[in-house]
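Undergrad: What follows is a structure written as structure tokens; I'll ask about it next.
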Amino acid sequence: MTETAETAARPTAEQPHDEHLWLEEITGEAPLQWVARQNARTLSALEGPQLRRLEADVLEVMDSTERIPMVAKHGPHYYNFWRDAEHPRGVLRRTTWESWLSEEPRWELLLDVDALAAEEGVEWVYGGARLLRPQYTGGQHRRALISLSPDGGDAKRVREFDLERRQFVPGGFDVPTAKSSVSWVDADTVHVGTDFGPGSMTASSYPRTVRVLRRGQDLAQARQVFEVDEQHVQAVFVRDHTPGFVRDLAVDVVDFFASRTYLVRGDKLVHVDVPDSVTVDLHRQWLLLRPQEELELDGTVHPAGSLLAAELEAFLAGDRSVAPVFVPDERTALQSWSWTADRLILNLLRDVSSVVRVAEPGPWSTVELPGAPALSSLDAYAVDDEDPEAGNDYWLVASGFLTPTTVSRGTLPAGAGAGAPPRPARTAPGFFDASGLAVEQHFAVSADGTRVPYFQVGPAELVLDGENPTLLSGYGGFEVSRTPAYSGALGRSWLSRTDDAGRSGVYVLANIRGGGEYGPAWHRAALREHRHRAYEDFAAVAADLQARGVCARRRLACSGGSNGGLLVGNMLTRWPELFGAVSCGVPLLDMRRYTKLSAGASWIAEYGDPDDPAQWESVRTFSPYHLLREDRDYPPVLFWTATSDDRVGPVQARKTAARMLGMGHEDVWFYEATDGGHAGAGDNRQAARLHALSHEFLWAALHRD
């Protein structure tokens, strides 16, 4: 046991006793032996022909060569990272637009991660690439900064790669494995935020400082250009490469929802003077502001969730006149935006169905893109705003619970209007039989009277007698919206599955508070001391399903991961009478020590600070680890996690399972993937295994005699 663990183990009025701190030693011999025993116990109960068939079915979807190879345009090439059965760790490749449109695209292989792992003896997991813009390389996108994780975690090594020679650059930029941010300044310079030694990382485990690293320098020689407080989340320093508007930006990420943006002018940092709760975005001469709370500017109060536009230089000079580009209402919220060369695309949700609008600058006006289907998801974003030939082109990605994804490409006209409808470019195949299924939207009433929407996917002629095996999912945190989306894996493992009585699975997605479905107010309604509202919303949906006759308690399961794992952990401990089974993945559960584990300190703005006695009084009310009781009747529960997860970490799932088993609760199961990072998905095989394990556990639990 470490010194920290020994200190934490001494019970006080503010620090409850913790008999399982020894499990926090992630790679310790004794904890891993415990993990091995629990894995063996769980697999002995679930392994069999049905699990193997389900895992194979899910893996077939994930490895299918018929999936849409989503691409990102850089110059004349369209880049894609791809995993399949032949390349489980994946390949980075590129093609041309004409080739991508064809039935058999001709791909130029750039990097084979499986071959690299075999060559270097490291189980590399691909983590993304940053390409150098062409103006620095004679018109060619020749260089990239490629991130690779040795175990699937968030800590990555960043290496310079030559896209033409298809090899890492000898003696090139190479930042050792850490939670780093590395970005191009020019062909011979990068901005680096990484672990430079003591004092260089925040309490949240992210870079506290940023330095300028020139080609040929050691990291220790790099000049520091930005620093933030150790208790803030992260320091970010990037260059905007837009021709005619090249500039450096520094961002102090104060917490998950607050930040301060600075423009670098010579040796000075010029603050974009708005409250920390206002999101700042720059594009060419424009400044966009999205307040998370009401914002007063020049005597006008703008509601939370608005999008406001101003000319940057005028704003910096003190002019506070802004133009509202979007103003929310009680049903409609802004989700994201994307700049083309001179137009602004707005992705909205109206009662959790997608709407896309296009805005034209000065004077600002918007028009809706037509043809959005009901109860569906759309995501529109620029193809490449810096390419003169594609500057106003946009992608439109459409999906629904029962509708496979379609990718279209359109062009916005230079003048007013949305232009011609986008042209469908690729449509994914269906991976399960959706005939006879239907999507419905319902509203439950939460404890405080709030109407909470939820989607129900199941047979169109559903018999409302309480006997339908139903899976309820949700998230409810960090202003993340859960929207309709096609999942061949879910379709095969739940929707198209039937039991001995011929009943098909029903899937339900709850849009509870804490998420962003109705904008910042919907999120802030469940922050910190108001966290209980998210859980009351989810419980209200569960109760509404039972009241409507969709399912009885013995036929209702719930599942969630990460913050969603905390959600279902609260269902397990506070509303066990509503559920017949619970799947709790990569979860937060010990809310007394979450800030001491992995990246937990970065989430204080969401949950509260348990080290503050006053805040702990509210946090403890939704800390499942501390809500467990020996005398309660809990439904069957599966905790699943991953050893190499350095975001949430495996220890909270370990400790909660161990505490429940120690209390004598026998229907408690635990599985820990020994690699794969957050959610354990280092490759498709691992992802399919965890998906199948979770769904097989739930299906079996709901069908016990």
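As shown in the structure tokens, the chain order sets the letters A, B, ...; within each chain, residues go from 1, and ligands are also counted from 1 in the order they appear.
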Can you list every residue of segment 470-541 of chain A that has an atom at most 12 Å from segment 609-619 of chain A, with its nearest atom pair and the distance in Å to one decimal, using only C-alpha atoms, ordered by chain then number, as JSON lines?

TA:
```
{"residue": "A:Leu527", "atom": "CA", "partner": "A:Val619", "partner_atom": "CA", "distance": 10.6}
{"residue": "A:Arg528", "atom": "CA", "partner": "A:Val619", "partner_atom": "CA", "distance": 7.3}
{"residue": "A:Glu529", "atom": "CA", "partner": "A:Ser618", "partner_atom": "CA", "distance": 5.5}
{"residue": "A:His530", "atom": "CA", "partner": "A:Ser618", "partner_atom": "CA", "distance": 8.5}
{"residue": "A:Arg531", "atom": "CA", "partner": "A:Val619", "partner_atom": "CA", "distance": 8.3}
{"residue": "A:His532", "atom": "CA", "partner": "A:Ser618", "partner_atom": "CA", "distance": 9.2}
```

Undergrad: Write out the residues from the selection above, keeping N, CA and C atoms, as a PDB file, in the first residue's frame.

TA:
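This is the output file out04.pdb:
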```pdb
ATOM      1  N   LEU A 527     -25.618  19.784 -12.645  1.00  0.00           N
ATOM      2  CA  LEU A 527     -24.238  19.928 -12.207  1.00  0.00           C
ATOM      3  C   LEU A 527     -24.120  19.846 -10.696  1.00  0.00           C
ATOM      4  N   ARG A 528     -23.012  19.255 -10.250  1.00  0.00           N
ATOM      5  CA  ARG A 528     -22.582  19.261  -8.861  1.00  0.00           C
ATOM      6  C   ARG A 528     -23.725  18.943  -7.894  1.00  0.00           C
ATOM      7  N   GLU A 529     -24.145  19.910  -7.071  1.00  0.00           N
ATOM      8  CA  GLU A 529     -25.152  19.621  -6.042  1.00  0.00           C
ATOM      9  C   GLU A 529     -26.514  19.271  -6.629  1.00  0.00           C
ATOM     10  N   HIS A 530     -26.678  19.503  -7.926  1.00  0.00           N
ATOM     11  CA  HIS A 530     -27.942  19.144  -8.588  1.00  0.00           C
ATOM     12  C   HIS A 530     -27.828  17.827  -9.364  1.00  0.00           C
ATOM     13  N   ARG A 531     -26.769  17.085  -9.109  1.00  0.00           N
ATOM     14  CA  ARG A 531     -26.517  15.861  -9.881  1.00  0.00           C
ATOM     15  C   ARG A 531     -27.667  14.867  -9.799  1.00  0.00           C
ATOM     16  N   HIS A 532     -28.360  14.869  -8.684  1.00  0.00           N
ATOM     17  CA  HIS A 532     -29.447  13.913  -8.489  1.00  0.00           C
ATOM     18  C   HIS A 532     -30.507  14.007  -9.585  1.00  0.00           C
TER      19      HIS A 532
END
```

Undergrad: Determine which residues of segment 364-394 of chain A receive a DSSP assignment of strand (DSSP E or B), computed from the backbone, and state them as number ranges by chain.

TA: A: 365-368, 377-382, 393-394

Undergrad: Just write the chosen residues, C-alpha atoms, as a short mmCIF file (atom, residue, chain, number, x, y, z; two decimals), in the first residue's frame.

TA:
```cif
data_model
loop_
_atom_site.label_atom_id
_atom_site.label_comp_id
_atom_site.auth_asym_id
_atom_site.auth_seq_id
_atom_site.Cartn_x
_atom_site.Cartn_y
_atom_site.Cartn_z
CA SER A 365 -28.97 35.56 -41.73
CA THR A 366 -29.67 31.83 -41.71
CA VAL A 367 -31.53 29.34 -43.86
CA GLU A 368 -32.41 25.72 -43.07
CA SER A 377 -29.19 12.55 -36.62
CA LEU A 378 -27.42 14.84 -39.08
CA ASP A 379 -23.91 16.18 -38.84
CA ALA A 380 -22.75 18.81 -41.35
CA TYR A 381 -19.22 20.15 -41.48
CA ALA A 382 -16.74 21.71 -43.91
CA ASP A 393 -18.08 22.28 -49.78
CA TYR A 394 -19.54 20.40 -46.84
#
```

Undergrad: Smallest atom-to-atom distance to Gly430 of chain A: which of A:Pro170, A:Ser64, A:Leu567, A:Trp603, using only C-alpha atoms?

TA: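 Checking each of A:Pro170, A:Ser64, A:Leu567, A:Trp603 against Gly430 of chain A, counting only C-alpha atoms, the winner is A:Ser64.
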
Undergrad: Run DSSP on the backbone of this structure and report the residues of segment 256-422 of chain A it assigns to helix (DSSP H, G or I), as a count of residues only.

TA: 5

Undergrad: Quick one: contact table of segment 32-128 of chain A to segment 694-705 of chain A, 10 Å max, nearest atom pair and distance in Å to one decimal per residue, counting only C-alpha atoms, chain and number order, as CSV?

TA:
```
residue,atom,partner,partner_atom,distance
A:Thr42,CA,A:Phe697,CA,9.6
A:Ala45,CA,A:Phe697,CA,9.2
A:Leu46,CA,A:Phe697,CA,6.9
A:Glu47,CA,A:Glu696,CA,9.6
A:Gln50,CA,A:Glu696,CA,8.0
A:Leu51,CA,A:Glu696,CA,6.4
A:Arg52,CA,A:Glu696,CA,9.9
A:Leu54,CA,A:Glu696,CA,7.8
A:Glu55,CA,A:Glu696,CA,9.3
```

Undergrad: With only C-alpha atoms as the atoms that count, which of A:Arg211, A:Arg290, A:Arg83, A:His77 lies nearest to Ser99 of chain A?

TA: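 Closest to Ser99 of chain A, using only C-alpha atoms: A:His77.
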
Undergrad: Segment 265-381 of chain A near segment 469-485 of chain A within 8 Å: what's each residue's closest atom pair and its distance in Å to one decimal, counting only C-alpha atoms, ordered by chain then ascending residue number, as CSV?

TA:
```
residue,atom,partner,partner_atom,distance
A:Val352,CA,A:Thr483,CA,6.5
A:Ser353,CA,A:Thr483,CA,7.4
A:Leu375,CA,A:Pro484,CA,6.8
A:Ser376,CA,A:Pro484,CA,5.4
A:Ser377,CA,A:Pro484,CA,5.6
```

Undergrad: I need the residue nearest Gly585 of chain A from this list: A:Val541, A:Leu92, A:Leu462, A:Val648. Use only C-alpha atoms for the distance.

TA: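 The answer is A:Val648, which sits nearest to Gly585 of chain A.
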
Undergrad: Find the residues around Gly600 of chain A up to 10 Å (only C-alpha atoms counted), leave out those fewer than 5 positions away in its own chain, and share them as a list in words.

TA: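 Residues meeting the cut-off are Ala203, Ser204, Ser205, Leu588, Met591, Arg593, Tyr594, Thr595, Asp646, Arg647, Val648 and Gly649 of chain A.
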
Undergrad: For the selection just defined, write its residues with N, CA, C and O atoms to a file, as a JSON list (two decimals), in the first residue's frame.

TA:
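Saved as again_17.json:
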```
[["chain", "number", "residue", "atom", "x", "y", "z"],
["A", 203, "ALA", "N", -2.71, 18.96, -12.08],
["A", 203, "ALA", "CA", -3.28, 17.96, -11.19],
["A", 203, "ALA", "C", -4.19, 17.00, -11.94],
["A", 203, "ALA", "O", -4.45, 15.89, -11.48],
["A", 204, "SER", "N", -4.67, 17.42, -13.11],
["A", 204, "SER", "CA", -5.53, 16.58, -13.95],
["A", 204, "SER", "C", -4.74, 15.66, -14.86],
["A", 204, "SER", "O", -5.31, 14.94, -15.66],
["A", 205, "SER", "N", -3.40, 15.73, -14.80],
["A", 205, "SER", "CA", -2.47, 14.87, -15.55],
["A", 205, "SER", "C", -2.29, 15.30, -17.00],
["A", 205, "SER", "O", -1.87, 14.51, -17.84],
["A", 588, "LEU", "N", -16.92, 5.62, -13.23],
["A", 588, "LEU", "CA", -16.63, 6.32, -11.99],
["A", 588, "LEU", "C", -17.61, 5.78, -10.95],
["A", 588, "LEU", "O", -18.81, 5.70, -11.21],
["A", 591, "MET", "N", -16.64, 8.26, -5.61],
["A", 591, "MET", "CA", -16.60, 9.70, -5.81],
["A", 591, "MET", "C", -15.88, 10.43, -4.68],
["A", 591, "MET", "O", -15.71, 11.63, -4.74],
["A", 593, "ARG", "N", -12.72, 9.51, -3.94],
["A", 593, "ARG", "CA", -11.32, 9.52, -4.38],
["A", 593, "ARG", "C", -11.17, 9.72, -5.89],
["A", 593, "ARG", "O", -10.07, 9.60, -6.41],
["A", 594, "TYR", "N", -12.26, 10.05, -6.58],
["A", 594, "TYR", "CA", -12.14, 10.13, -8.04],
["A", 594, "TYR", "C", -11.14, 11.18, -8.48],
["A", 594, "TYR", "O", -10.49, 11.05, -9.52],
["A", 595, "THR", "N", -10.99, 12.26, -7.70],
["A", 595, "THR", "CA", -10.06, 13.32, -8.10],
["A", 595, "THR", "C", -8.60, 12.89, -7.94],
["A", 595, "THR", "O", -7.69, 13.55, -8.46],
["A", 646, "ASP", "N", -6.19, 5.05, -18.79],
["A", 646, "ASP", "CA", -5.60, 6.10, -17.97],
["A", 646, "ASP", "C", -6.45, 7.35, -17.94],
["A", 646, "ASP", "O", -5.98, 8.42, -17.56],
["A", 647, "ARG", "N", -7.72, 7.22, -18.34],
["A", 647, "ARG", "CA", -8.66, 8.34, -18.25],
["A", 647, "ARG", "C", -9.53, 8.19, -17.01],
["A", 647, "ARG", "O", -9.51, 9.01, -16.10],
["A", 648, "VAL", "N", -10.29, 7.12, -16.94],
["A", 648, "VAL", "CA", -11.07, 6.81, -15.74],
["A", 648, "VAL", "C", -10.31, 5.83, -14.85],
["A", 648, "VAL", "O", -10.31, 5.94, -13.63],
["A", 649, "GLY", "N", -9.67, 4.84, -15.47],
["A", 649, "GLY", "CA", -8.91, 3.86, -14.71],
["A", 649, "GLY", "C", -9.77, 2.69, -14.29],
["A", 649, "GLY", "O", -10.99, 2.79, -14.18]]
```

Undergrad: What's around Ala258 of chain A at 10 Å? Count only C-alpha atoms, leave out sequence neighbours fewer than 2 positions away in its own chain, and write the answer as number ranges by chain.

TA: A: 232-233, 252-256, 260, 275-279, 292, 605

Undergrad: How many Å lie between atom CA of Val457 of chain A and atom CA of Thr403 of chain A, rounded to one decimal?

TA: 12.0 Å
